[in-house]
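Colleague: Structure supplied as final.csv; contents: CSV, C-alpha atoms and all ligand atoms.
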```
chain,number,residue,atom,x,y,z
A,535,MET,CA,0.0,0.0,0.0
A,536,ILE,CA,1.2,3.5,-0.7
A,537,THR,CA,1.4,5.1,2.7
A,538,GLN,CA,2.1,8.7,2.0
A,539,THR,CA,0.6,11.1,-0.5
A,540,ALA,CA,3.8,12.8,-1.6
A,541,ALA,CA,4.8,9.3,-2.7
A,542,SER,CA,8.5,10.0,-2.4
A,543,ASN,CA,10.9,8.2,0.0
A,544,ASP,CA,12.2,11.6,1.0
A,545,ALA,CA,10.8,13.5,4.0
A,546,PRO,CA,7.1,14.0,3.4
A,547,SER,CA,7.5,17.7,2.4
A,548,GLY,CA,10.2,19.7,0.6
A,549,PRO,CA,11.5,20.2,-2.9
A,550,ARG,CA,11.6,17.2,-5.2
A,551,ARG,CA,14.9,15.9,-6.3
A,552,THR,CA,14.6,12.6,-8.2
A,553,ARG,CA,17.8,10.6,-8.0
A,554,VAL,CA,19.2,9.4,-11.3
A,555,LYS,CA,21.2,6.3,-12.0
A,556,ILE,CA,22.6,5.6,-15.4
A,557,CYS,CA,23.3,1.9,-15.9
A,558,GLY,CA,25.3,-0.3,-18.3
A,559,LEU,CA,28.3,2.0,-18.7
A,560,THR,CA,31.2,0.4,-20.6
A,561,ARG,CA,33.4,3.3,-21.7
A,562,PRO,CA,35.4,5.9,-19.7
A,563,GLN,CA,34.1,8.8,-21.8
A,564,ASP,CA,30.5,7.7,-21.2
A,565,LEU,CA,31.2,7.5,-17.5
A,566,ASP,CA,32.8,11.0,-17.5
A,567,GLU,CA,29.8,12.4,-19.4
A,568,ALA,CA,27.3,10.9,-16.9
A,569,VAL,CA,29.2,12.3,-13.9
A,570,ALA,CA,29.5,15.7,-15.6
A,571,ALA,CA,25.7,15.6,-16.3
A,572,GLY,CA,25.1,15.2,-12.6
A,573,VAL,CA,24.1,11.6,-12.0
A,574,ASP,CA,23.8,10.2,-8.5
A,575,ALA,CA,24.8,6.7,-9.4
A,576,ILE,CA,26.2,4.6,-12.2
A,577,GLY,CA,25.7,0.9,-12.8
A,578,LEU,CA,28.2,-1.7,-14.0
A,579,VAL,CA,26.8,-4.9,-15.4
A,580,PHE,CA,28.2,-8.3,-14.5
A,581,TYR,CA,25.8,-10.5,-16.4
A,582,PRO,CA,27.7,-12.3,-19.2
A,583,PRO,CA,24.8,-12.5,-21.8
A,584,SER,CA,24.5,-8.7,-21.7
A,585,ARG,CA,26.4,-6.7,-24.3
A,586,ARG,CA,27.1,-4.3,-21.4
A,587,CYS,CA,28.9,-7.0,-19.3
A,588,LEU,CA,32.3,-6.0,-18.0
A,589,THR,CA,35.4,-7.9,-17.0
A,590,LEU,CA,36.7,-7.2,-13.5
A,591,GLU,CA,39.5,-5.2,-15.0
A,592,GLN,CA,37.3,-3.0,-17.1
A,593,ALA,CA,35.0,-2.4,-14.2
A,594,ALA,CA,37.9,-1.6,-11.8
A,595,ASP,CA,39.2,1.0,-14.4
A,596,LEU,CA,35.8,2.6,-14.6
A,597,ARG,CA,35.3,2.6,-10.9
A,598,ALA,CA,38.6,4.4,-10.4
A,599,ARG,CA,37.2,7.4,-12.4
A,600,VAL,CA,34.1,7.8,-10.2
A,601,PRO,CA,34.3,10.8,-7.8
A,602,ALA,CA,33.1,11.0,-4.3
A,603,PHE,CA,29.4,11.3,-3.8
A,604,VAL,CA,28.5,9.3,-6.9
A,605,ASP,CA,27.5,5.7,-6.0
A,606,VAL,CA,28.7,2.7,-8.0
A,607,THR,CA,26.3,-0.2,-8.4
A,608,ALA,CA,27.2,-3.7,-9.5
A,609,LEU,CA,24.4,-5.4,-11.3
A,610,PHE,CA,24.0,-9.2,-11.3
A,611,VAL,CA,21.4,-11.8,-12.5
A,612,ASN,CA,21.3,-15.0,-10.4
A,613,PRO,CA,25.1,-14.9,-9.8
A,614,ASP,CA,26.9,-17.4,-7.6
A,615,ALA,CA,28.2,-16.0,-4.4
A,616,GLN,CA,31.8,-16.4,-5.4
A,617,ALA,CA,31.3,-14.2,-8.5
A,618,VAL,CA,29.7,-11.5,-6.3
A,619,ARG,CA,32.6,-11.6,-3.9
A,620,GLN,CA,35.1,-11.3,-6.7
A,621,VAL,CA,33.4,-8.1,-7.9
A,622,ILE,CA,33.2,-6.7,-4.4
A,623,GLU,CA,36.9,-7.4,-3.9
A,624,ALA,CA,38.1,-6.1,-7.3
A,625,VAL,CA,35.6,-3.2,-8.0
A,626,ARG,CA,34.5,-2.0,-4.5
A,627,PRO,CA,31.0,-1.1,-5.5
A,628,ASP,CA,28.8,1.0,-3.1
A,629,LEU,CA,25.7,-1.1,-3.8
A,630,LEU,CA,24.7,-4.4,-5.3
A,631,GLN,CA,21.8,-4.8,-7.6
A,632,PHE,CA,20.1,-8.1,-8.2
A,633,HIS,CA,17.9,-8.6,-11.2
A,634,GLY,CA,17.2,-12.4,-11.1
A,635,GLU,CA,15.4,-14.7,-8.7
A,636,GLU,CA,17.9,-14.2,-5.9
A,637,SER,CA,16.4,-14.9,-2.4
A,638,PRO,CA,16.2,-12.1,0.3
A,639,GLY,CA,18.9,-14.0,2.2
A,640,PHE,CA,21.2,-14.3,-0.7
A,641,CYS,CA,20.9,-10.5,-1.4
A,642,ALA,CA,21.6,-9.6,2.2
A,643,ASP,CA,24.4,-12.1,2.8
A,644,PHE,CA,27.2,-9.9,1.5
A,645,GLY,CA,26.5,-7.3,4.2
A,646,MET,CA,26.2,-4.5,1.6
A,647,ARG,CA,23.4,-2.1,0.7
A,648,HIS,CA,21.5,-3.6,-2.2
A,649,ILE,CA,18.7,-3.0,-4.7
A,650,LYS,CA,16.3,-5.8,-5.6
A,651,ALA,CA,14.8,-5.6,-9.0
A,652,PHE,CA,11.3,-6.9,-9.9
A,653,ARG,CA,10.0,-7.5,-13.4
A,654,ALA,CA,6.5,-6.1,-13.2
A,655,GLY,CA,4.1,-8.4,-15.0
A,656,ALA,CA,6.3,-11.5,-14.8
A,657,PRO,CA,4.7,-14.8,-13.7
A,658,GLY,CA,3.6,-14.3,-10.1
A,659,LEU,CA,4.0,-10.5,-10.4
A,660,GLU,CA,1.0,-9.9,-12.7
A,661,THR,CA,-1.1,-7.8,-10.3
A,662,ALA,CA,-0.5,-4.8,-8.0
A,663,ALA,CA,-1.2,-7.0,-5.0
A,664,THR,CA,1.2,-9.8,-5.9
A,665,LEU,CA,3.9,-7.4,-6.9
A,666,ALA,CA,3.6,-5.5,-3.5
A,667,ARG,CA,3.7,-8.8,-1.6
A,668,ALA,CA,6.8,-9.9,-3.4
A,669,CYS,CA,8.6,-6.7,-2.4
A,670,GLU,CA,7.7,-7.1,1.2
A,671,ALA,CA,10.0,-10.2,1.4
A,672,TYR,CA,12.9,-7.9,0.5
A,673,GLY,CA,12.6,-5.5,3.4
A,674,GLN,CA,16.3,-5.4,4.0
A,675,ALA,CA,17.0,-3.9,0.6
A,676,ALA,CA,17.9,-0.2,0.2
A,677,GLY,CA,15.8,0.0,-2.9
A,678,TRP,CA,13.1,-1.9,-4.9
A,679,LEU,CA,13.6,-1.4,-8.6
A,680,PHE,CA,10.8,-2.0,-11.0
A,681,ASP,CA,11.6,-3.0,-14.6
A,682,SER,CA,9.6,-4.4,-17.4
A,683,TYR,CA,9.0,-8.1,-18.0
A,684,SER,CA,10.5,-9.0,-21.4
A,685,ALA,CA,12.8,-11.6,-22.9
A,686,GLY,CA,16.1,-11.6,-20.9
A,687,TYR,CA,16.4,-10.0,-17.5
A,688,GLY,CA,16.5,-6.3,-18.2
A,689,GLY,CA,18.1,-3.5,-20.1
A,690,SER,CA,15.6,-4.1,-22.9
A,691,GLY,CA,14.3,-0.6,-23.3
A,692,SER,CA,10.7,-1.6,-22.8
A,693,GLY,CA,8.3,0.0,-20.3
A,694,PHE,CA,5.5,-1.6,-18.3
A,695,ASP,CA,2.1,-0.9,-16.9
A,696,THR,CA,2.9,1.3,-13.9
A,697,THR,CA,-0.5,0.9,-12.4
A,698,LEU,CA,1.1,-2.4,-11.1
A,699,LEU,CA,3.0,-0.2,-8.6
A,700,ALA,CA,-0.2,1.0,-6.9
A,701,ASP,CA,0.1,-1.2,-3.8
A,702,VAL,CA,3.8,-1.0,-3.3
A,703,SER,CA,4.6,0.4,0.2
A,704,ARG,CA,6.3,3.7,0.3
A,705,GLY,CA,7.6,6.2,2.8
A,706,PRO,CA,10.4,6.8,5.3
A,707,GLY,CA,12.0,3.5,6.4
A,708,VAL,CA,10.7,1.6,3.3
A,709,PRO,CA,13.2,0.7,0.5
A,710,ALA,CA,13.4,3.4,-2.0
A,711,LEU,CA,11.2,3.1,-5.1
A,712,VAL,CA,13.3,3.0,-8.2
A,713,LEU,CA,11.5,3.3,-11.5
A,714,SER,CA,13.1,1.7,-14.5
A,715,GLY,CA,12.3,0.0,-17.8
A,716,GLY,CA,12.3,1.9,-21.1
A,717,LEU,CA,12.7,5.4,-19.6
A,718,LYS,CA,13.9,8.1,-22.0
A,719,ALA,CA,14.1,11.9,-22.1
A,720,GLU,CA,10.8,12.2,-23.9
A,721,THR,CA,8.8,10.3,-21.3
A,722,VAL,CA,10.6,10.4,-18.0
A,723,GLY,CA,9.1,13.7,-16.9
A,724,ALA,CA,5.5,12.4,-17.2
A,725,GLN,CA,6.5,9.3,-15.2
A,726,ILE,CA,8.1,11.4,-12.5
A,727,ALA,CA,5.0,13.6,-12.3
A,728,ALA,CA,2.7,10.6,-12.1
A,729,LEU,CA,4.6,8.3,-9.8
A,730,GLU,CA,7.1,10.4,-7.8
A,731,PRO,CA,9.7,7.7,-7.7
A,732,PHE,CA,12.7,8.2,-5.3
A,733,ALA,CA,15.0,7.5,-8.3
A,734,VAL,CA,15.0,6.6,-11.9
A,735,ASP,CA,17.3,4.1,-13.6
A,736,VAL,CA,18.0,4.2,-17.3
A,737,SER,CA,20.2,2.3,-19.7
A,738,SER,CA,18.8,1.9,-23.3
A,739,GLY,CA,17.2,5.4,-23.3
A,740,VAL,CA,20.5,7.2,-23.2
A,741,GLU,CA,22.3,4.9,-25.7
A,742,SER,CA,23.1,5.0,-29.4
A,743,ALA,CA,23.8,1.3,-29.3
A,744,PRO,CA,23.9,-1.3,-26.5
A,745,GLY,CA,26.6,-0.3,-24.1
A,746,ILE,CA,27.4,2.9,-26.0
A,747,LYS,CA,26.0,6.0,-24.3
A,748,ASP,CA,25.1,9.1,-26.2
A,749,PRO,CA,26.2,12.4,-24.5
A,750,ALA,CA,23.3,14.3,-26.0
A,751,ARG,CA,20.8,11.7,-24.7
A,752,ILE,CA,22.4,11.7,-21.3
A,753,GLN,CA,22.1,15.5,-21.1
A,754,ALA,CA,18.5,15.5,-22.4
A,755,PHE,CA,17.5,12.9,-19.9
A,756,MET,CA,19.0,14.8,-17.0
A,757,ARG,CA,17.3,18.0,-18.2
A,758,ALA,CA,14.0,16.2,-18.4
A,759,VAL,CA,14.3,14.9,-14.8
A,760,ARG,CA,15.3,18.3,-13.4
A,761,ALA,CA,12.4,20.0,-15.3
A,762,ALA,CA,10.0,17.5,-13.8
A,763,ASP,CA,11.4,18.1,-10.4
A,764,ALA,CA,11.1,21.9,-10.8
A,765,ALA,CA,7.5,21.5,-12.0
A,766,GLY,CA,6.7,19.5,-8.9
A,767,MET,CA,8.2,22.0,-6.4
A,768,PRO,CA,5.7,23.1,-3.7
B,801,LIG,O1,21.6,-3.6,-18.9
B,801,LIG,C1,21.6,-4.8,-19.0
B,801,LIG,O2,22.1,-5.3,-20.0
B,801,LIG,C2,20.8,-5.6,-18.0
B,801,LIG,C3,21.0,-7.0,-18.1
B,801,LIG,C4,20.3,-7.8,-17.2
B,801,LIG,C5,19.5,-7.2,-16.2
B,801,LIG,C6,19.3,-5.8,-16.2
B,801,LIG,C7,20.0,-5.0,-17.1
B,801,LIG,N1,19.8,-3.6,-17.0
B,801,LIG,C8,18.9,-2.9,-16.2
B,801,LIG,O3,17.6,-3.0,-16.8
B,801,LIG,C9,16.9,-1.9,-16.4
B,801,LIG,C10,16.1,-1.3,-17.6
B,801,LIG,O4,17.0,-0.8,-18.6
B,801,LIG,P1,16.5,0.0,-19.8
B,801,LIG,O5,16.6,1.4,-19.5
B,801,LIG,O6,15.1,-0.4,-20.2
B,801,LIG,O7,17.4,-0.4,-20.9
B,801,LIG,C11,17.9,-0.9,-15.8
B,801,LIG,O8,17.7,-1.0,-14.4
B,801,LIG,C12,19.2,-1.5,-16.1
B,801,LIG,O9,20.1,-1.2,-15.0
```
Hey, can you dump this file as structure tokens for me?

Modeller:
Amino acid sequence: MITQTAASNDAPSGPRRTRVKICGLTRPQDLDEAVAAGVDAIGLVFYPPSRRCLTLEQAADLRARVPAFVDVTALFVNPDAQAVRQVIEAVRPDLLQFHGEESPGFCADFGMRHIKAFRAGAPGLETAATLARACEAYGQAAGWLFDSYSAGYGGSGSGFDTTLLADVSRGPGVPALVLSGGLKAETVGAQIAALEPFAVDVSSGVESAPGIKDPARIQAFMRAVRAADAAGMP
């Protein structure tokens, strides 16, 4: 159930500032562009079938460019624990992000802040009630991320029916609501206005090809988020 009207995970009143994560970075110049544009977090993918997947060495090189106060998230899909530990050791991410069928215990076992992703509309997550119930099992997460249900596990560029989020718990002390799935500069403002997510997470919508970010699209996306925030100021 949504428990507050200003449906942000921030304090109940005050100016809106939607956090932005750009995921699936593979090149130093794209990382620099995202940081210069003002992102709050970047995501590095460790899922071999993805064209955005990095080696430990590539990821460590990218990580070394990230300044203070920008979080680095390491994204996995049903990894084995050893693979996660290797990434933690080599890359030192600030957060882990799990996009598969990882259990709450597995996600929490690394003693790190983590985000659990849910594919809205997937089997067992087809209604607002079942999606909300699934989230509740992951109360130790720092964020609940909502993505579309499509072939593969994410990063597809497709959106989903956001009415499925209607029953998700929100408010202080509840994992942050992170909206994802097919976001782009042209549409993100309307999504922010309608749903007031704590954060948005984008990959395909700021790319010219999988894993290749486009500076103009990154800047346009950030402008659209900030315009939506300004429009929602009290
Ligand atoms: O980016 C990937 O390749 C990826 C692979 C497996 C799981 C998740 C992945 N990316 C995440 O998917 C969402 C939506 O991305 P998009 O904007 O629709 O392309 C986002 O959270 C990415 O971090």

Colleague: Point out the residue among A:Ser742, A:Gln674, A:Ser737, A:Thr560 with the least atom-to-atom distance to A:Ala710, counting all atoms listed in the file.

Modeller: A:Gln674

Colleague: Kindly compile the residues surrounding ligand LIG 801 (chain B) within 7 Å, counting only C-alpha atoms and all ligand atoms, and format them as a list of chain:residue names.

Modeller: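 My answer, listing the contacting residues, is A:Cys557, A:Gly558, A:Gly577, A:Val579, A:Tyr581, A:Ser584, A:Arg585, A:Arg586, A:Phe610, A:Val611, A:His633, A:Asp681, A:Gly686, A:Tyr687, A:Gly688, A:Gly689, A:Ser690, A:Gly691, A:Ser692, A:Gly693, A:Ser714, A:Gly715, A:Gly716, A:Leu717, A:Asp735, A:Val736, A:Ser737, A:Ser738, A:Gly739.
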
Colleague: With distances taken over all atoms listed in the file, which of A:Ala624, A:Val708, A:Ala727, A:Ala568 is nearest to A:Ile556?

Modeller: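 Smallest distance to A:Ile556 is found for A:Ala568.
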
Colleague: One decimal, Å: what's the distance from atom CA of A:Asn612 over to atom CA of A:Arg597, could you say?

Modeller: 22.5 Å

Colleague: Could you tell me which of A:Thr697, A:Glu741, A:Glu730, A:Phe652 comes closest to A:Lys718 if we count only C-alpha atoms?

Modeller: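 For A:Lys718, the nearest of the given residues is A:Glu741.
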
Colleague: Find, counting only C-alpha atoms, the residue in A:Pro709, A:Ala700, A:Arg626, A:Ala656 that gets nearest to A:Ala671.

Modeller: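 Once distances to A:Ala671 are computed over only C-alpha atoms, the minimum belongs to A:Pro709.
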
Colleague: Kindly indicate which residue among A:Arg551, A:Pro731, A:Asp643, A:Asp574 lies nearest to A:Gln616, using all atoms listed in the file for the distances.

Modeller: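 Comparing A:Arg551, A:Pro731, A:Asp643, A:Asp574 against A:Gln616, the winner is A:Asp643.
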
Colleague: Have a look at A:Ala668, A:Gln563, A:Ala571, A:Ala662 and name the one nearest to A:Val759; count all atoms listed in the file.

Modeller: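 Nearest to A:Val759: A:Ala571.
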